[in-house]
Structure formats: C-alpha cells, structure tokens
Amino acid sequence: MEENITGNDDKTIGVVGLGLMGCSICTCLLIAGHKVIAVAPIAADLDHAENRIRKHLDKSYEEGMATMKSLHYFENLVITTDYEELAGCMLVIECTLENIEIKKSVYGKIESVISPTALLASNTSAIPISILQNETLHPERFFGLHWAEPSHTTRFLEIICGEQSNVELGEKLYNLSHKWGKEPTLVRKDIRGFITNRLMYSLYREACYLVENGYATVEDVDRACRNNAGYWMTLVGAFRWMDLTGVAAYHTVMKDLLPTLSNATEIPKLIDDIVKAGGRGVANGKGFYNYTEEEARLWEETFNNFSYEIRKLALKYPADVVSKQL
Ligand SMILES: NC(=O)c1ccc[n+]([C@@H]2O[C@H](COP(=O)([O-])OP(=O)(O)OC[C@H]3O[C@@H](n4cnc5c(N)ncnc54)[C@H](O)[C@@H]3O)[C@@H](O)[C@H]2O)c1
C-alpha cells in the first residue's frame with residue numbers, strides 16, 4: 001500500500017470475529033489487495049467463514065468487482081483461531097458481538113500480540129469509541145471503523161475518532177480506506193451512534209410513531225421510504241437534496257412540522273413487542289413482517305443481488321460527479 005500508516009507491514013490486516021460482517025470485511029480487504037489474518041474467536045465461526053468468504057468472492061468475480069477468481073485471494077487469507085498470527089498486522093479490526101465485555105476480552109488478546117505501533121479498530125454500531133478505547137493499552141491508536149453490510153459492496157465507511165484517538169492517524173486511515181473502494185466519512189469528534197445511526201434511528205423512531213398511532217401501516221411506511229428517499233439518496237445527501245429542491249421551502253416547513261415529530265426516548269412499543277416475543281426478523285421469520293423459510297431466503301438473496309446493482313449505479317454517480325463534468 002502506498003500509504004504507510006504505522007511503519008509496520010501495511011499490507012497485512014487482521015479481522016477478529018467472523019460473523020456476518022467479519023466475513024464481508026475480509027472479502028473487501030482481500031479484493032483491495034491486502035493479506036488478511038481472519039481470527040475466529042469462537043469455534044462456530046470456522047463452520048461458515050471460509051464458505052461465506054468464498055461465496056462473496058465468487059459473486060464479486062461474476063459481477064466484475066473482483067478481477068481474479070477466489071483461489072487467488074485465498075492465497076492471501078489465513079483463517080485461524082490463533083491470535084498469535086496477528087503479530088505482523090498494521091491494523092486489526094474487531095468485529096465481535098455488540099457487547100463491551102466480549103470486545104474488552106478480545107482487545108486484551110489482540111494487544112498481547114500486535115506491535116505497539118499497530119492500529120486497533122472496532123466495527124461497533126453504537127458503543128462510543130471514547131468508552132471502548134478505555135479498554136485498550138494504546139487508546140490513541142484506537143478508532144471506530146463502522147462498515148455497512150455487505151462491506152465489500154457498500155461505499156459506506158465511518159472512521160471515528162474517540163476522545164483520545166490521534167486524529168492524524170485517523171486521517172491516514174481515511175486515506176487508506178479509499179483504496180478499499182469506500183467513499184468514507186471521518187468523524188473527528190465522537191458522538192453516540194456516529195453519523196449514520198443518528199440519522200437512521202431518527203427515521204426508525206418516526207416510522208414506529210406513525211404506525212403505532214394509526215397514521216400508516218408498516219407497508220405504507222416502507223413504500224414511502226423506498227419511493228421517496230430511495231430515489232435520491234444514492235445520488236445526494238440531505239443537504240444537497242434540500243439545495244436541489246429549494247432550501248427556503250424546507251425552512252418554512254420546519255417551523256410547523258418539527259414540533260410535531262416524535263421525540264420519544266423510550267423504545268417504541270411496536271419493536272419492543274416483536275423483540276420480546278423472540279422476533280429476529282428475516283433470521284427467524286418473525287419481524288415487522290412474517291416470512292416463510294423460502295421467503296426469508298429469497299429476501300436475503302435479493303438484497304445481496306441488489307447490493308451489487310446499486311453499487312454499479314453509485315459508482316456512476318460519485319460525490320464529485322458534477323465537478324467531473326465541468
Ligand atoms: N450486521 C450489521 O449490519 C452491522 C452493521 C454495522 C456494524 N455491526 C457491528 O459489527 C459487529 C458484529 O456484528 P455481526 O452482524 O457481524 O454479528 P454476528 O452475530 O454475525 O457475529 C458476531 C461474531 O462475534 C463473535 N463472538 C460471538 N460470541 C463471542 C464471544 N463470546 N467471544 C468472542 N467473540 C464472540 C463471533 O466471531 C461471531 O461470529 C457488532 O459490533 C455489530 O454491532 C453490524
């Protein structure tokens with residue numbers, strides 16, 4: 001890699017935790033040309049990790065996203081339960097369950113083997129980086145690296161600095177991540193939920209409010225999301241959208257609308273009831289919708305296919321699409 005971040009071998013990156021996201025993060029890094037040390041903290045990961053990564057690589061090759069067949073990338077991949085293998089990594093990405101105690105125990109094992117100049121990052125969805133870095137030996141070298149599933153097709157990546165993170169190192173990670181096919185965001189100041197989850201959870205809260213209070217059904221809300229935001233969000237973000245469609249109108253609407261939006265701080269009953277009854281969504285067929293096994297499988301497959309399609313569209317419209325036409 002051109003960007004030498006740590007003075008270590010910048011080609012080798014470790015991923016610890018080989019669940020849903022760990023496997024797609026490994027795929028992304030392999031396609032970008034890294035050597036990847038994939039550590040399984042629990043034996044169950046070994047049952048599926050290799051197969052999952054191979055499937056992602058095969059599909060990426062079929063879609064023209066990866067230039068070589070999976071066999072080539074597998075030469076750069078080590079799947080192991082042995083943390084010692086992480087010793088030469090310049091960066092290790094932790095991708096275990098969203099549980100501080102588990103993450104803390106994993107950091108201890110990682111830091112006992114990696115170089116003190118290596119970087120450590122977490123794919124946590126919402127635990128503040130300033131809290132997680134307190135559990136590490138070198139908090140200034142600790143960052144959030146928040147990916148979106150499937151990590152190898154999405155352009156999204158948030159690099160989050162905690163209170164003690166060295167922002168210059170964060171900037172270097174930001175530069176490096178462009179080589180992973182990302183259009184990243186550097187969050188210079190830690191905030192719970194980072195950027196995207198703060199935006200999305202305000203939407204989820206309002207969606208629950210509308211359904212719980214009888215204004216719309218789950219299907220109505222989903223249709224509105226797909227056909228409104230779904231038509232512009234891959235091209236522009238909230239601010240460019242307001243510019244495109246007349247910023248003054250938003251100013252007028254905000255005055256009367258904002259006071260009526262939900263600002264509830266409790267978990268909405270709609271989702272609480274589902275989760276307390278054991279619902280896990282497509283994973284067990286019970287969520288806001290019910291799914292037969294076949295429907296669940298088809299939704300997963302369709303989402304996977306769609307993620308390759310939308311990536312192609314997004315690549316045609318990068319953030320600087322207009323300046324390129326000037
Ligand atoms: N799923 C998403 O879309 C998504 C998006 C962004 C961030 N994240 C975050 O990524 C992380 C992993 O999420 P995921 O969806 O891959 O979860 P997952 O349930 O698919 O995988 C979790 C992994 O955690 C590890 N693990 C489980 N029990 C453990 C234990 N006792 N000790 C050590 N390791 C253990 C295993 O490697 C397991 O495969 C979480 O912090 C999650 O919040 C997930």
# chains A, B, ... in the order shown; residues from 1 in each chain; ligands from 1
>>> residues_around(residues="Ile267 (chain A)", least_positions_apart="3", cutoff="10 Å", atoms="only C-alpha atoms", output="PyMOL selection string")
chain A and resi 205+208+264+270-272
>>> write_last_selection(atoms="all heavy atoms", output="compact mmCIF listing (two decimals), in the first residue's frame")
# COMPACT_ATOMS: atom_id res chain seq x y z
N ARG A 205 -37.50 5.84 14.55
CA ARG A 205 -38.40 6.28 15.62
C ARG A 205 -39.68 6.87 15.05
O ARG A 205 -40.79 6.55 15.49
CB ARG A 205 -37.69 7.32 16.50
CG ARG A 205 -38.62 7.93 17.54
CD ARG A 205 -37.89 8.74 18.57
NE ARG A 205 -37.23 9.91 18.00
CZ ARG A 205 -36.45 10.74 18.70
NH1 ARG A 205 -36.24 10.52 19.98
NH2 ARG A 205 -35.88 11.76 18.14
N CYS A 208 -41.95 4.14 13.57
CA CYS A 208 -42.73 3.43 14.61
C CYS A 208 -43.87 4.31 15.10
O CYS A 208 -44.99 3.84 15.30
CB CYS A 208 -41.81 3.05 15.78
SG CYS A 208 -40.65 1.72 15.37
N ALA A 264 -39.79 10.78 21.30
CA ALA A 264 -39.88 9.77 22.36
C ALA A 264 -38.48 9.26 22.72
O ALA A 264 -37.61 9.14 21.85
CB ALA A 264 -40.74 8.61 21.87
N LEU A 270 -43.97 -0.87 19.27
CA LEU A 270 -44.05 -1.70 18.06
C LEU A 270 -42.87 -2.68 17.96
O LEU A 270 -43.04 -3.87 17.72
CB LEU A 270 -44.05 -0.76 16.83
CG LEU A 270 -44.28 -1.40 15.47
CD1 LEU A 270 -45.68 -1.97 15.36
CD2 LEU A 270 -44.03 -0.38 14.36
N ILE A 271 -41.66 -2.19 18.19
CA ILE A 271 -40.48 -3.05 18.08
C ILE A 271 -40.27 -3.83 19.38
O ILE A 271 -39.83 -4.99 19.37
CB ILE A 271 -39.22 -2.24 17.67
CG1 ILE A 271 -38.04 -3.17 17.41
CG2 ILE A 271 -38.84 -1.18 18.69
CD1 ILE A 271 -36.85 -2.49 16.74
N ASP A 272 -40.63 -3.23 20.49
CA ASP A 272 -40.47 -3.88 21.79
C ASP A 272 -41.26 -5.19 21.84
O ASP A 272 -40.74 -6.24 22.26
CB ASP A 272 -40.96 -2.91 22.88
CG ASP A 272 -40.43 -3.29 24.25
OD1 ASP A 272 -39.21 -3.55 24.35
OD2 ASP A 272 -41.22 -3.34 25.22
>>> select_by_dssp(residues="region 14-103 of chain A", states="strand (DSSP E)", output="list in words")
Gly14, Val15, Val16, Lys35, Val36, Ile37, Ala38, Val39, Leu77, Val78, Ile79, Thr80, Leu91, Val92, Ile93 and Glu94 of chain A
>>> residues_near_ligand(ligand="ligand 1", cutoff="9 Å", atoms="only C-alpha atoms and all ligand atoms", output="ChimeraX atom specification")
/A:16-24,39-45,49,94-99,101-103,105-106,122-127,145-151
>>> closest_residue(among="A:Ile160, A:Gly246, A:Thr12, A:Lys312", to="Leu186 (chain A)", atoms="only C-alpha atoms")
A:Ile160
>>> closest_atom_pairs(of="region 196-242 of chain A", to="region 282-293 of chain A", cutoff="12 Å", atoms="only C-alpha atoms", output="CSV")
residue,atom,partner,partner_atom,distance
A:Ala207,CA,A:Phe288,CA,11.7
A:Cys208,CA,A:Phe288,CA,10.4
A:Val211,CA,A:Phe288,CA,10.9
A:Thr217,CA,A:Phe288,CA,10.4
A:Val218,CA,A:Phe288,CA,7.2
A:Glu219,CA,A:Tyr289,CA,9.0
A:Val221,CA,A:Phe288,CA,11.5
A:Asp222,CA,A:Phe288,CA,10.7
>>> write_last_selection(atoms="all heavy atoms", output="PDB file, in the first residue's frame")
ATOM      1  N   ALA A 207     -40.908   6.295  12.100  1.00  0.00           N
ATOM      2  CA  ALA A 207     -41.643   5.222  11.402  1.00  0.00           C
ATOM      3  C   ALA A 207     -42.517   4.472  12.412  1.00  0.00           C
ATOM      4  O   ALA A 207     -43.703   4.212  12.158  1.00  0.00           O
ATOM      5  CB  ALA A 207     -40.656   4.269  10.727  1.00  0.00           C
ATOM      6  N   CYS A 208     -41.946   4.141  13.572  1.00  0.00           N
ATOM      7  CA  CYS A 208     -42.728   3.434  14.608  1.00  0.00           C
ATOM      8  C   CYS A 208     -43.866   4.311  15.103  1.00  0.00           C
ATOM      9  O   CYS A 208     -44.995   3.835  15.299  1.00  0.00           O
ATOM     10  CB  CYS A 208     -41.811   3.051  15.781  1.00  0.00           C
ATOM     11  SG  CYS A 208     -40.652   1.723  15.374  1.00  0.00           S
ATOM     12  N   VAL A 211     -46.859   4.297  12.706  1.00  0.00           N
ATOM     13  CA  VAL A 211     -47.623   3.037  12.700  1.00  0.00           C
ATOM     14  C   VAL A 211     -48.378   2.871  14.023  1.00  0.00           C
ATOM     15  O   VAL A 211     -49.571   2.573  14.035  1.00  0.00           O
ATOM     16  CB  VAL A 211     -46.689   1.834  12.437  1.00  0.00           C
ATOM     17  CG1 VAL A 211     -47.449   0.516  12.570  1.00  0.00           C
ATOM     18  CG2 VAL A 211     -46.074   1.950  11.045  1.00  0.00           C
ATOM     19  N   THR A 217     -49.628   2.087   7.831  1.00  0.00           N
ATOM     20  CA  THR A 217     -49.221   0.713   8.166  1.00  0.00           C
ATOM     21  C   THR A 217     -47.713   0.572   7.941  1.00  0.00           C
ATOM     22  O   THR A 217     -47.079   1.445   7.327  1.00  0.00           O
ATOM     23  CB  THR A 217     -49.939  -0.305   7.250  1.00  0.00           C
ATOM     24  OG1 THR A 217     -49.514  -0.046   5.908  1.00  0.00           O
ATOM     25  CG2 THR A 217     -51.452  -0.196   7.356  1.00  0.00           C
ATOM     26  N   VAL A 218     -47.185  -0.562   8.405  1.00  0.00           N
ATOM     27  CA  VAL A 218     -45.770  -0.865   8.156  1.00  0.00           C
ATOM     28  C   VAL A 218     -45.487  -0.818   6.647  1.00  0.00           C
ATOM     29  O   VAL A 218     -44.501  -0.237   6.190  1.00  0.00           O
ATOM     30  CB  VAL A 218     -45.430  -2.255   8.755  1.00  0.00           C
ATOM     31  CG1 VAL A 218     -44.129  -2.806   8.205  1.00  0.00           C
ATOM     32  CG2 VAL A 218     -45.385  -2.171  10.281  1.00  0.00           C
ATOM     33  N   GLU A 219     -46.399  -1.396   5.872  1.00  0.00           N
ATOM     34  CA  GLU A 219     -46.213  -1.422   4.404  1.00  0.00           C
ATOM     35  C   GLU A 219     -46.216  -0.006   3.830  1.00  0.00           C
ATOM     36  O   GLU A 219     -45.427   0.316   2.948  1.00  0.00           O
ATOM     37  CB  GLU A 219     -47.341  -2.222   3.714  1.00  0.00           C
ATOM     38  CG  GLU A 219     -47.290  -3.715   3.924  1.00  0.00           C
ATOM     39  CD  GLU A 219     -48.025  -4.155   5.193  1.00  0.00           C
ATOM     40  OE1 GLU A 219     -48.371  -3.288   6.034  1.00  0.00           O
ATOM     41  OE2 GLU A 219     -48.247  -5.370   5.339  1.00  0.00           O
ATOM     42  N   VAL A 221     -45.343   2.800   5.294  1.00  0.00           N
ATOM     43  CA  VAL A 221     -44.099   3.492   5.633  1.00  0.00           C
ATOM     44  C   VAL A 221     -42.968   2.989   4.740  1.00  0.00           C
ATOM     45  O   VAL A 221     -42.190   3.771   4.182  1.00  0.00           O
ATOM     46  CB  VAL A 221     -43.745   3.301   7.129  1.00  0.00           C
ATOM     47  CG1 VAL A 221     -42.347   3.817   7.432  1.00  0.00           C
ATOM     48  CG2 VAL A 221     -44.780   4.006   8.009  1.00  0.00           C
ATOM     49  N   ASP A 222     -42.890   1.679   4.576  1.00  0.00           N
ATOM     50  CA  ASP A 222     -41.818   1.122   3.742  1.00  0.00           C
ATOM     51  C   ASP A 222     -41.922   1.619   2.301  1.00  0.00           C
ATOM     52  O   ASP A 222     -40.917   1.956   1.669  1.00  0.00           O
ATOM     53  CB  ASP A 222     -41.847  -0.417   3.779  1.00  0.00           C
ATOM     54  CG  ASP A 222     -41.112  -0.957   5.000  1.00  0.00           C
ATOM     55  OD1 ASP A 222     -40.599  -0.136   5.791  1.00  0.00           O
ATOM     56  OD2 ASP A 222     -41.033  -2.187   5.159  1.00  0.00           O
TER      57      ASP A 222
END
>>> closest_residue(among="A:Thr185, A:Ser202, A:Trp180, A:Gly14", to="Leu120 (chain A)", atoms="only C-alpha atoms")
A:Gly14
>>> closest_residue(among="A:Lys69, A:Lys269, A:Lys182, A:Lys35", to="His56 (chain A)", atoms="only C-alpha atoms")
A:Lys69
>>> select_by_dssp(residues="region 140-186 of chain A", states="alpha helix (DSSP H)", output="JSON, numbers by chain")
{"A": [167, 168, 169, 170, 171, 172, 173, 174, 175, 176, 177, 178]}
>>> write_last_selection(atoms="N, CA, C and O atoms", output="PDB file, in the first residue's frame")
ATOM      1  N   VAL A 167      -5.917  12.118  15.838  1.00  0.00           N
ATOM      2  CA  VAL A 167      -6.704  12.458  14.644  1.00  0.00           C
ATOM      3  C   VAL A 167      -5.866  12.322  13.367  1.00  0.00           C
ATOM      4  O   VAL A 167      -6.376  11.948  12.313  1.00  0.00           O
ATOM      5  N   GLU A 168      -4.544  12.578  13.496  1.00  0.00           N
ATOM      6  CA  GLU A 168      -3.693  12.436  12.293  1.00  0.00           C
ATOM      7  C   GLU A 168      -3.682  10.996  11.790  1.00  0.00           C
ATOM      8  O   GLU A 168      -3.707  10.744  10.592  1.00  0.00           O
ATOM      9  N   LEU A 169      -3.663  10.056  12.753  1.00  0.00           N
ATOM     10  CA  LEU A 169      -3.722   8.645  12.348  1.00  0.00           C
ATOM     11  C   LEU A 169      -5.090   8.338  11.739  1.00  0.00           C
ATOM     12  O   LEU A 169      -5.206   7.567  10.792  1.00  0.00           O
ATOM     13  N   GLY A 170      -6.128   8.960  12.301  1.00  0.00           N
ATOM     14  CA  GLY A 170      -7.485   8.798  11.748  1.00  0.00           C
ATOM     15  C   GLY A 170      -7.520   9.281  10.298  1.00  0.00           C
ATOM     16  O   GLY A 170      -8.139   8.655   9.437  1.00  0.00           O
ATOM     17  N   GLU A 171      -6.817  10.380  10.018  1.00  0.00           N
ATOM     18  CA  GLU A 171      -6.789  10.900   8.643  1.00  0.00           C
ATOM     19  C   GLU A 171      -6.082   9.918   7.714  1.00  0.00           C
ATOM     20  O   GLU A 171      -6.463   9.740   6.559  1.00  0.00           O
ATOM     21  N   LYS A 172      -5.049   9.266   8.254  1.00  0.00           N
ATOM     22  CA  LYS A 172      -4.340   8.283   7.420  1.00  0.00           C
ATOM     23  C   LYS A 172      -5.227   7.071   7.119  1.00  0.00           C
ATOM     24  O   LYS A 172      -5.226   6.544   6.013  1.00  0.00           O
ATOM     25  N   LEU A 173      -5.986   6.647   8.141  1.00  0.00           N
ATOM     26  CA  LEU A 173      -6.930   5.540   7.904  1.00  0.00           C
ATOM     27  C   LEU A 173      -7.959   5.950   6.852  1.00  0.00           C
ATOM     28  O   LEU A 173      -8.340   5.155   5.988  1.00  0.00           O
ATOM     29  N   TYR A 174      -8.384   7.201   6.954  1.00  0.00           N
ATOM     30  CA  TYR A 174      -9.350   7.756   5.994  1.00  0.00           C
ATOM     31  C   TYR A 174      -8.790   7.658   4.569  1.00  0.00           C
ATOM     32  O   TYR A 174      -9.454   7.198   3.648  1.00  0.00           O
ATOM     33  N   ASN A 175      -7.518   8.064   4.405  1.00  0.00           N
ATOM     34  CA  ASN A 175      -6.905   7.988   3.071  1.00  0.00           C
ATOM     35  C   ASN A 175      -6.806   6.542   2.590  1.00  0.00           C
ATOM     36  O   ASN A 175      -7.125   6.222   1.463  1.00  0.00           O
ATOM     37  N   LEU A 176      -6.355   5.667   3.500  1.00  0.00           N
ATOM     38  CA  LEU A 176      -6.187   4.265   3.130  1.00  0.00           C
ATOM     39  C   LEU A 176      -7.514   3.653   2.680  1.00  0.00           C
ATOM     40  O   LEU A 176      -7.572   2.883   1.721  1.00  0.00           O
ATOM     41  N   SER A 177      -8.601   4.024   3.365  1.00  0.00           N
ATOM     42  CA  SER A 177      -9.884   3.359   3.091  1.00  0.00           C
ATOM     43  C   SER A 177     -10.420   3.679   1.693  1.00  0.00           C
ATOM     44  O   SER A 177     -11.273   2.967   1.180  1.00  0.00           O
ATOM     45  N   HIS A 178      -9.928   4.747   1.067  1.00  0.00           N
ATOM     46  CA  HIS A 178     -10.328   4.996  -0.329  1.00  0.00           C
ATOM     47  C   HIS A 178      -9.891   3.825  -1.202  1.00  0.00           C
ATOM     48  O   HIS A 178     -10.522   3.506  -2.199  1.00  0.00           O
TER      49      HIS A 178
END
>>> residues_around(residues="Ala238 (chain A)", least_positions_apart="6", cutoff="12 Å", atoms="only C-alpha atoms", output="JSON, numbers by chain")
{"A": [196, 199, 200, 229, 232, 244, 245, 247, 250]}
>>> write_last_selection(atoms="all heavy atoms", output="CSV table (one decimal), in the first residue's frame")
chain,number,residue,atom,x,y,z
A,196,THR,N,-24.4,8.1,10.8
A,196,THR,CA,-25.4,7.4,10.1
A,196,THR,C,-26.5,6.8,11.0
A,196,THR,O,-27.7,6.9,10.7
A,196,THR,CB,-24.9,6.4,9.1
A,196,THR,OG1,-25.9,5.9,8.3
A,196,THR,CG2,-24.2,5.2,9.8
A,199,LEU,N,-28.8,9.5,12.1
A,199,LEU,CA,-29.8,9.9,11.1
A,199,LEU,C,-30.9,8.8,11.0
A,199,LEU,O,-32.1,9.0,11.0
A,199,LEU,CB,-29.1,10.0,9.7
A,199,LEU,CG,-28.1,11.2,9.7
A,199,LEU,CD1,-27.3,11.2,8.4
A,199,LEU,CD2,-28.9,12.5,9.7
A,200,MET,N,-30.4,7.5,10.9
A,200,MET,CA,-31.3,6.4,10.6
A,200,MET,C,-32.3,6.2,11.8
A,200,MET,O,-33.4,5.9,11.6
A,200,MET,CB,-30.6,5.1,10.2
A,200,MET,CG,-29.8,5.2,8.9
A,200,MET,SD,-30.8,6.0,7.6
A,200,MET,CE,-32.1,4.8,7.4
A,229,ALA,N,-37.2,8.8,-0.5
A,229,ALA,CA,-35.7,8.8,-0.3
A,229,ALA,C,-35.0,7.8,-1.2
A,229,ALA,O,-33.8,8.1,-1.6
A,229,ALA,CB,-35.4,8.6,1.2
A,232,TRP,N,-33.5,9.3,-4.4
A,232,TRP,CA,-32.4,10.3,-4.4
A,232,TRP,C,-31.2,10.1,-3.6
A,232,TRP,O,-30.1,10.6,-3.8
A,232,TRP,CB,-33.0,11.7,-4.2
A,232,TRP,CG,-33.8,11.9,-2.9
A,232,TRP,CD1,-35.1,11.9,-2.8
A,232,TRP,CD2,-33.3,12.2,-1.6
A,232,TRP,NE1,-35.6,12.1,-1.5
A,232,TRP,CE2,-34.4,12.3,-0.8
A,232,TRP,CE3,-32.0,12.4,-1.1
A,232,TRP,CZ2,-34.3,12.6,0.6
A,232,TRP,CZ3,-31.9,12.7,0.3
A,232,TRP,CH2,-33.1,12.8,1.1
A,244,LEU,N,-31.1,21.2,-3.9
A,244,LEU,CA,-31.7,20.8,-5.2
A,244,LEU,C,-33.2,21.2,-5.3
A,244,LEU,O,-33.7,21.5,-6.4
A,244,LEU,CB,-31.6,19.3,-5.4
A,244,LEU,CG,-30.4,18.8,-6.2
A,244,LEU,CD1,-30.4,17.3,-6.3
A,244,LEU,CD2,-30.4,19.3,-7.7
A,245,THR,N,-33.9,21.0,-4.2
A,245,THR,CA,-35.3,21.2,-4.3
A,245,THR,C,-35.9,22.4,-3.6
A,245,THR,O,-37.0,22.6,-3.4
A,245,THR,CB,-36.0,19.9,-3.7
A,245,THR,OG1,-35.4,19.7,-2.4
A,245,THR,CG2,-35.8,18.7,-4.5
A,247,VAL,N,-34.1,25.3,-0.8
A,247,VAL,CA,-33.9,25.3,0.6
A,247,VAL,C,-34.9,26.1,1.4
A,247,VAL,O,-35.3,25.7,2.6
A,247,VAL,CB,-32.4,25.7,0.9
A,247,VAL,CG1,-32.1,27.1,0.6
A,247,VAL,CG2,-32.0,25.4,2.3
A,250,TYR,N,-37.9,24.2,2.8
A,250,TYR,CA,-37.6,23.4,4.0
A,250,TYR,C,-37.6,24.2,5.2
A,250,TYR,O,-38.1,23.8,6.3
A,250,TYR,CB,-36.2,22.7,3.9
A,250,TYR,CG,-36.3,21.6,2.8
A,250,TYR,CD1,-36.0,21.9,1.5
A,250,TYR,CD2,-36.7,20.3,3.1
A,250,TYR,CE1,-36.2,20.9,0.5
A,250,TYR,CE2,-36.8,19.3,2.2
A,250,TYR,CZ,-36.6,19.6,0.8
A,250,TYR,OH,-36.7,18.7,-0.1
>>> closest_residue(among="A:Ser165, A:Met233, A:Ile13, A:Asp320", to="Met90 (chain A)", atoms="only C-alpha atoms")
A:Ile13
